[in-house]
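Q: Sharing start11.cif below, mmCIF, C-alpha atoms and all ligand atoms:
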```cif
data_target
#
loop_
_atom_site.label_atom_id
_atom_site.label_comp_id
_atom_site.auth_asym_id
_atom_site.auth_seq_id
_atom_site.Cartn_x
_atom_site.Cartn_y
_atom_site.Cartn_z
CA MET A 833 97.92 117.96 93.95
CA VAL A 834 96.63 114.65 95.29
CA ILE A 835 99.64 112.68 96.53
CA LEU A 836 97.95 110.43 99.08
CA TYR A 837 94.36 109.38 98.75
CA THR A 838 91.92 106.80 99.88
CA TYR A 839 89.07 105.07 98.18
CA ASN A 840 85.56 104.39 99.33
CA ASN A 841 82.55 103.09 97.39
CA GLY A 842 83.99 104.02 94.02
CA VAL A 843 85.10 107.48 95.15
CA TYR A 844 88.68 108.68 95.35
CA ILE A 845 89.19 110.99 98.32
CA ASN A 846 92.20 113.15 98.98
CA LEU A 847 93.56 111.95 102.32
CA LYS A 848 93.70 115.57 103.43
CA ASP A 849 89.89 115.66 103.27
CA VAL A 850 89.33 112.58 105.42
CA ASP A 851 88.54 112.85 109.11
CA ILE A 852 90.46 109.78 110.20
CA THR A 853 89.44 110.28 113.82
CA LYS A 854 85.88 109.22 112.98
CA LYS A 855 85.25 105.69 114.15
CA GLU A 856 82.88 105.00 111.26
CA SER A 857 85.52 105.94 108.73
CA ASN A 858 86.16 103.18 106.21
CA HIS A 859 89.24 104.84 104.89
CA LYS A 860 91.64 102.16 105.93
CA ASN A 861 94.10 102.06 103.04
CA ILE A 862 96.41 104.79 101.79
CA TYR A 863 97.01 105.01 98.04
CA VAL A 864 100.11 106.77 96.72
CA ASN A 865 99.73 108.72 93.48
CA LEU A 866 103.22 108.95 91.99
CA THR A 867 102.67 109.46 88.29
CA ASN A 868 100.35 109.74 85.32
CA ASN A 869 102.90 108.10 83.04
CA CYS A 870 102.12 104.72 81.60
CA PRO A 871 103.41 102.74 78.63
CA CYS A 872 99.87 101.58 77.94
CA SER A 873 96.72 103.29 76.79
CA CYS A 874 94.12 100.77 77.86
CA THR A 875 90.76 101.00 76.18
CA PHE A 876 89.08 100.79 79.61
CA CYS A 877 91.47 103.05 81.53
CA LEU A 878 89.78 105.22 84.12
CA ARG A 879 92.01 108.02 82.88
CA ASN A 880 89.85 108.05 79.77
CA THR A 881 86.49 107.13 81.19
CA LYS A 882 86.03 108.61 84.64
CA GLU A 883 85.29 112.21 85.39
CA MET A 884 86.11 113.41 88.83
CA ALA A 885 85.77 116.57 90.79
CA LYS A 886 88.88 118.65 90.23
CA SER A 887 89.74 118.63 93.92
CA ASN A 888 89.85 114.85 93.86
CA SER A 889 91.53 114.49 90.52
CA LEU A 890 94.41 112.06 90.39
CA TRP A 891 95.83 113.90 87.41
CA LEU A 892 99.17 115.36 88.35
CA ASP A 893 100.36 118.58 86.74
CA THR A 894 103.78 117.72 88.09
CA GLU A 895 104.88 114.51 89.73
CA PRO A 896 105.54 114.76 93.47
CA THR A 897 109.15 114.42 94.50
CA VAL A 898 110.15 111.69 96.93
CA GLN A 899 110.54 114.39 99.57
CA GLU A 900 107.02 115.68 98.93
CA VAL A 901 105.58 112.17 99.27
CA ILE A 902 107.46 111.63 102.52
CA GLU A 903 106.30 115.00 103.85
CA GLU A 904 102.71 113.93 103.20
CA PHE A 905 103.22 110.64 105.03
CA GLU A 906 104.77 112.49 107.95
CA LYS A 907 101.38 114.11 108.61
CA TYR A 908 99.79 110.79 109.55
CA ASP A 909 99.94 108.18 112.25
CA LEU A 910 100.24 105.16 110.01
CA THR A 911 98.99 102.80 112.72
CA GLN A 912 95.53 104.14 111.88
CA PHE A 913 95.71 102.61 108.42
CA ASN A 914 96.06 99.19 106.96
CA GLU A 915 97.66 98.71 103.58
CA ILE A 916 99.71 101.29 101.67
CA ILE A 917 99.24 100.92 97.93
CA PHE A 918 101.16 102.48 95.07
CA CYS A 919 98.41 103.05 92.53
CA GLY A 920 97.31 106.10 90.62
CA PHE A 921 96.29 107.21 87.17
CA GLY A 922 99.51 105.85 85.78
CA GLU A 923 102.00 103.03 86.21
CA PRO A 924 103.86 103.41 89.52
CA LEU A 925 106.83 101.35 88.37
CA THR A 926 107.67 103.98 85.75
CA ARG A 927 109.13 105.68 88.85
CA LEU A 928 110.85 102.58 90.14
CA ASP A 929 113.74 104.28 91.97
CA ASP A 930 111.48 106.84 93.64
CA LEU A 931 108.94 104.20 94.61
CA LEU A 932 111.72 102.17 96.25
CA LYS A 933 112.89 105.24 98.16
CA VAL A 934 109.39 105.85 99.51
CA ALA A 935 108.99 102.17 100.39
CA LYS A 936 112.32 102.25 102.27
CA TYR A 937 111.16 105.31 104.19
CA LEU A 938 107.94 103.50 105.13
CA LYS A 939 109.83 100.42 106.29
CA ASN A 940 112.19 102.61 108.32
CA ARG A 941 109.19 104.12 110.08
CA SER A 942 108.48 100.60 111.32
CA SER A 943 104.84 101.21 110.63
CA ASN A 944 104.26 97.55 109.76
CA ASN A 945 101.74 98.56 107.11
CA PRO A 946 101.87 96.04 104.31
CA ILE A 947 102.90 97.70 101.05
CA ARG A 948 101.37 96.80 97.70
CA ILE A 949 102.03 97.85 94.13
CA ASN A 950 99.19 97.74 91.64
CA THR A 951 100.94 97.42 88.32
CA ASN A 952 100.57 96.52 84.68
CA GLY A 953 103.60 94.25 85.11
CA LEU A 954 105.68 95.91 82.39
CA ALA A 955 108.36 97.21 84.78
CA ASP A 956 111.16 95.24 83.13
CA LEU A 957 110.39 96.73 79.73
CA VAL A 958 109.95 100.23 81.15
CA ASN A 959 113.19 100.12 83.13
CA LYS A 960 115.14 98.03 80.62
CA LYS A 961 116.26 95.56 83.31
CA GLU A 962 114.91 92.86 85.60
CA THR A 963 113.23 94.64 88.46
CA ALA A 964 111.55 92.05 90.71
CA ALA A 965 114.60 91.48 92.95
CA LEU A 966 114.60 95.19 93.87
CA LEU A 967 111.23 94.72 95.57
CA LYS A 968 112.62 92.21 98.09
CA ASP A 969 112.01 93.09 101.78
CA LEU A 970 110.17 96.26 100.76
CA ILE A 971 107.00 95.21 98.99
CA ASN A 972 104.53 92.73 100.46
CA THR A 973 102.16 92.37 97.53
CA VAL A 974 102.38 92.87 93.81
CA SER A 975 99.03 92.91 92.03
CA ILE A 976 99.42 92.61 88.27
CA SER A 977 96.73 93.32 85.71
CA LEU A 978 96.59 90.23 83.52
CA ASN A 979 93.79 91.71 81.40
CA ALA A 980 93.64 88.90 78.85
CA SER A 981 94.46 85.26 78.21
CA ASN A 982 96.77 85.81 75.23
CA ALA A 983 99.22 88.30 73.80
CA GLU A 984 97.05 89.48 70.92
CA GLU A 985 94.00 90.27 73.03
CA TYR A 986 96.24 91.86 75.66
CA LEU A 987 97.75 94.19 73.10
CA THR A 988 94.32 95.07 71.70
CA LEU A 989 93.14 96.04 75.18
CA THR A 990 96.24 97.73 76.56
CA ARG A 991 97.71 99.25 73.39
CA SER A 992 101.10 98.88 75.09
CA LYS A 993 103.83 100.88 73.41
CA PHE A 994 106.06 97.81 73.71
CA GLY A 995 103.88 95.85 71.34
CA ILE A 996 103.25 92.14 71.21
CA GLU A 997 106.16 91.22 73.50
CA SER A 998 104.38 92.96 76.40
CA TYR A 999 102.28 89.97 77.42
CA ASP A 1000 105.16 87.55 77.84
CA ALA A 1001 107.21 90.22 79.61
CA MET A 1002 104.33 90.77 82.03
CA LEU A 1003 104.06 87.03 82.77
CA LYS A 1004 107.83 86.77 83.22
CA PHE A 1005 107.72 89.67 85.69
CA ALA A 1006 104.96 87.88 87.63
CA VAL A 1007 107.00 84.69 87.86
CA SER A 1008 110.10 86.66 88.96
CA CYS A 1009 108.11 88.46 91.65
CA LYS A 1010 107.19 85.11 93.22
CA GLU A 1011 110.83 84.76 94.20
CA TYR A 1012 111.07 88.08 96.01
CA VAL A 1013 107.59 89.20 97.08
CA PRO A 1014 105.41 87.26 99.56
CA ASN A 1015 102.12 87.82 97.73
CA VAL A 1016 101.78 87.97 93.98
CA VAL A 1017 98.34 88.10 92.43
CA MET A 1018 97.01 88.66 88.95
CA THR A 1019 93.72 90.37 88.28
CA VAL A 1020 91.08 90.56 85.60
CA VAL A 1021 87.80 92.43 85.58
CA ASP A 1022 84.55 90.51 85.84
CA CYS A 1023 83.06 91.86 82.62
CA ILE A 1024 85.30 89.93 80.21
CA GLY A 1025 83.04 86.87 80.13
CA GLN A 1026 83.32 83.49 81.84
CA GLU A 1027 85.13 81.86 78.93
CA GLU A 1028 87.91 84.46 79.00
CA ILE A 1029 88.03 84.36 82.80
CA ASP A 1030 88.52 80.58 82.61
CA ALA A 1031 91.27 81.04 80.02
CA CYS A 1032 92.96 83.62 82.27
CA GLN A 1033 92.70 81.19 85.18
CA ALA A 1034 94.47 78.57 83.07
CA VAL A 1035 97.29 81.05 82.34
CA CYS A 1036 97.64 81.78 86.06
CA ASP A 1037 97.59 78.08 86.93
CA THR A 1038 100.41 77.53 84.45
CA ILE A 1039 102.65 80.11 86.10
CA GLY A 1040 101.47 79.35 89.63
CA VAL A 1041 100.01 82.75 90.51
CA PRO A 1042 96.51 83.21 91.98
CA LEU A 1043 93.91 85.08 89.92
CA ARG A 1044 91.53 87.59 91.42
CA VAL A 1045 88.45 88.56 89.45
CA ARG A 1046 87.60 92.11 90.43
CA PRO A 1047 84.52 94.18 89.68
CA PHE A 1048 84.77 96.57 86.74
CA GLU A 1049 84.23 100.14 87.91
S1 LIG B 1 97.99 100.14 82.55
FE1 LIG B 1 96.59 101.09 84.03
S2 LIG B 1 97.13 103.28 84.05
FE2 LIG B 1 98.06 102.37 82.24
S3 LIG B 1 96.59 102.80 80.60
FE3 LIG B 1 96.17 100.73 81.42
S4 LIG B 1 94.61 101.01 83.01
FE4 LIG B 1 95.49 103.03 82.55
#
```
Write out the structure in this file as structure tokens.
Ligand code: SF4

A:
Amino acid sequence: MVILYTYNNGVYINLKDVDITKKESNHKNIYVNLTNNCPCSCTFCLRNTKEMAKSNSLWLDTEPTVQEVIEEFEKYDLTQFNEIIFCGFGEPLTRLDDLLKVAKYLKNRSSNNPIRINTNGLADLVNKKETAALLKDLINTVSISLNASNAEEYLTLTRSKFGIESYDAMLKFAVSCKEYVPNVVMTVVDCIGQEEIDACQAVCDTIGVPLRVRPFE
């Protein structure tokens, strides 16, 4: 089971397989793989499109418990790493309470590693409550997949089980996060065309959140 992994040049690598003593190692971030659950079924999701060696697979037969995640972290000197990122082949905020427990453990270790969540931004719908305030003092960055410039296109791409209300809920979550999290960013992939990127930029300008255009893998 891959609980902690790192990422280099398009390859996911189980942290257990990384020699972090090597100076040339680029494995600076730790990714936490909490779940395969997601309320979306995005047309472009790597879960559907990327084949990986079984040993590196981010598919989880069973989700790791909080204790198992902490036990993995205990194996490492976190000063050797930069950012810690909750991101796997699923939506980390479907395990909101467990994610918060792991984040609290990390903060208590005084490791000073900034903590980020890569999310689809549907946490409020998933958890049936407003969630942004719970991230206060624990999470440094929330990176939200904007995906599209309007609700219809968003639903076509993400096939969210929450339907057409998903887009506005995602934007509302982003605005709420600004109150409690130091860095909030929205992302789109670079292959959606300049016109759509410009439209997404306009959406982000309206809500006052920066947009990052990232390469499609
Ligand atoms: S939100 Fe992320 S994990 Fe979920 S289906 Fe879309 S790309 Fe995959």

Q: Got a sec: who's within 10 Å of Leu987 of chain A, counting all atoms listed in the file, leaving out chain neighbours fewer than 3 positions off, as a list of chain:residue names?

A: A:Cys872, A:Ser873, A:Cys874, A:Asn979, A:Ala980, A:Asn982, A:Ala983, A:Glu984, A:Thr990, A:Arg991, A:Ser992, A:Lys993, A:Phe994, A:Gly995, A:Ile996, A:Glu997, A:Ser998, A:Tyr999

Q: Would you list the residues that come within 8 Å of ligand LIG 1 (chain B)? Count only C-alpha atoms and all ligand atoms and give the answer as a PyMOL selection string.

A: chain A and resi 868-879+920-923+951-952+977+990

Q: Restricting the calculation to only C-alpha atoms: of A:Glu1049, A:Glu915, A:Asp930, A:Asp969, which residue gets closest to Glu1011 of chain A?

A: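 The shortest atom-to-atom distance to Glu1011 of chain A comes from A:Asp969.
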
Q: Out of A:Thr867, A:Thr853, A:Asn959, A:Thr1038, which residue has the shortest atom-to-atom distance to Tyr908 of chain A when counting only C-alpha atoms?

A: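 So, comparing all the options, the nearest one is A:Thr853.
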
Q: In terms of the shortest atom-to-atom distance over all atoms listed in the file, which of A:Phe913, A:Cys919, A:Leu928, A:Glu900 is closest to Tyr844 of chain A?

A: A:Cys919

Q: What does the structure give for the distance between atom CA of Cys1023 of chain A and atom CA of Pro1047 of chain A, in Å to one decimal?

A: 7.6 Å

Q: Between A:Ser1008, A:Gln912, A:Asn841, A:Thr894, which residue has the minimum interatomic distance to Asp956 of chain A, considering all atoms listed in the file?

A: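 Closest to Asp956 of chain A of all the choices is A:Ser1008.
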
Q: Any idea what the distance is between atom CA of Val934 of chain A and atom CA of Val1021 of chain A?

A: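 So the answer is 29.0 Å.
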
Q: Could you pull the residues within 8 Å of Ala964 of chain A, counting all atoms listed in the file, minus those fewer than 2 positions along the same chain, as a list in words?

A: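 After dropping sequence-adjacent residues, the list is Glu962, Leu966, Leu967, Lys968, Phe1005, Ser1008, Cys1009 and Tyr1012 of chain A.
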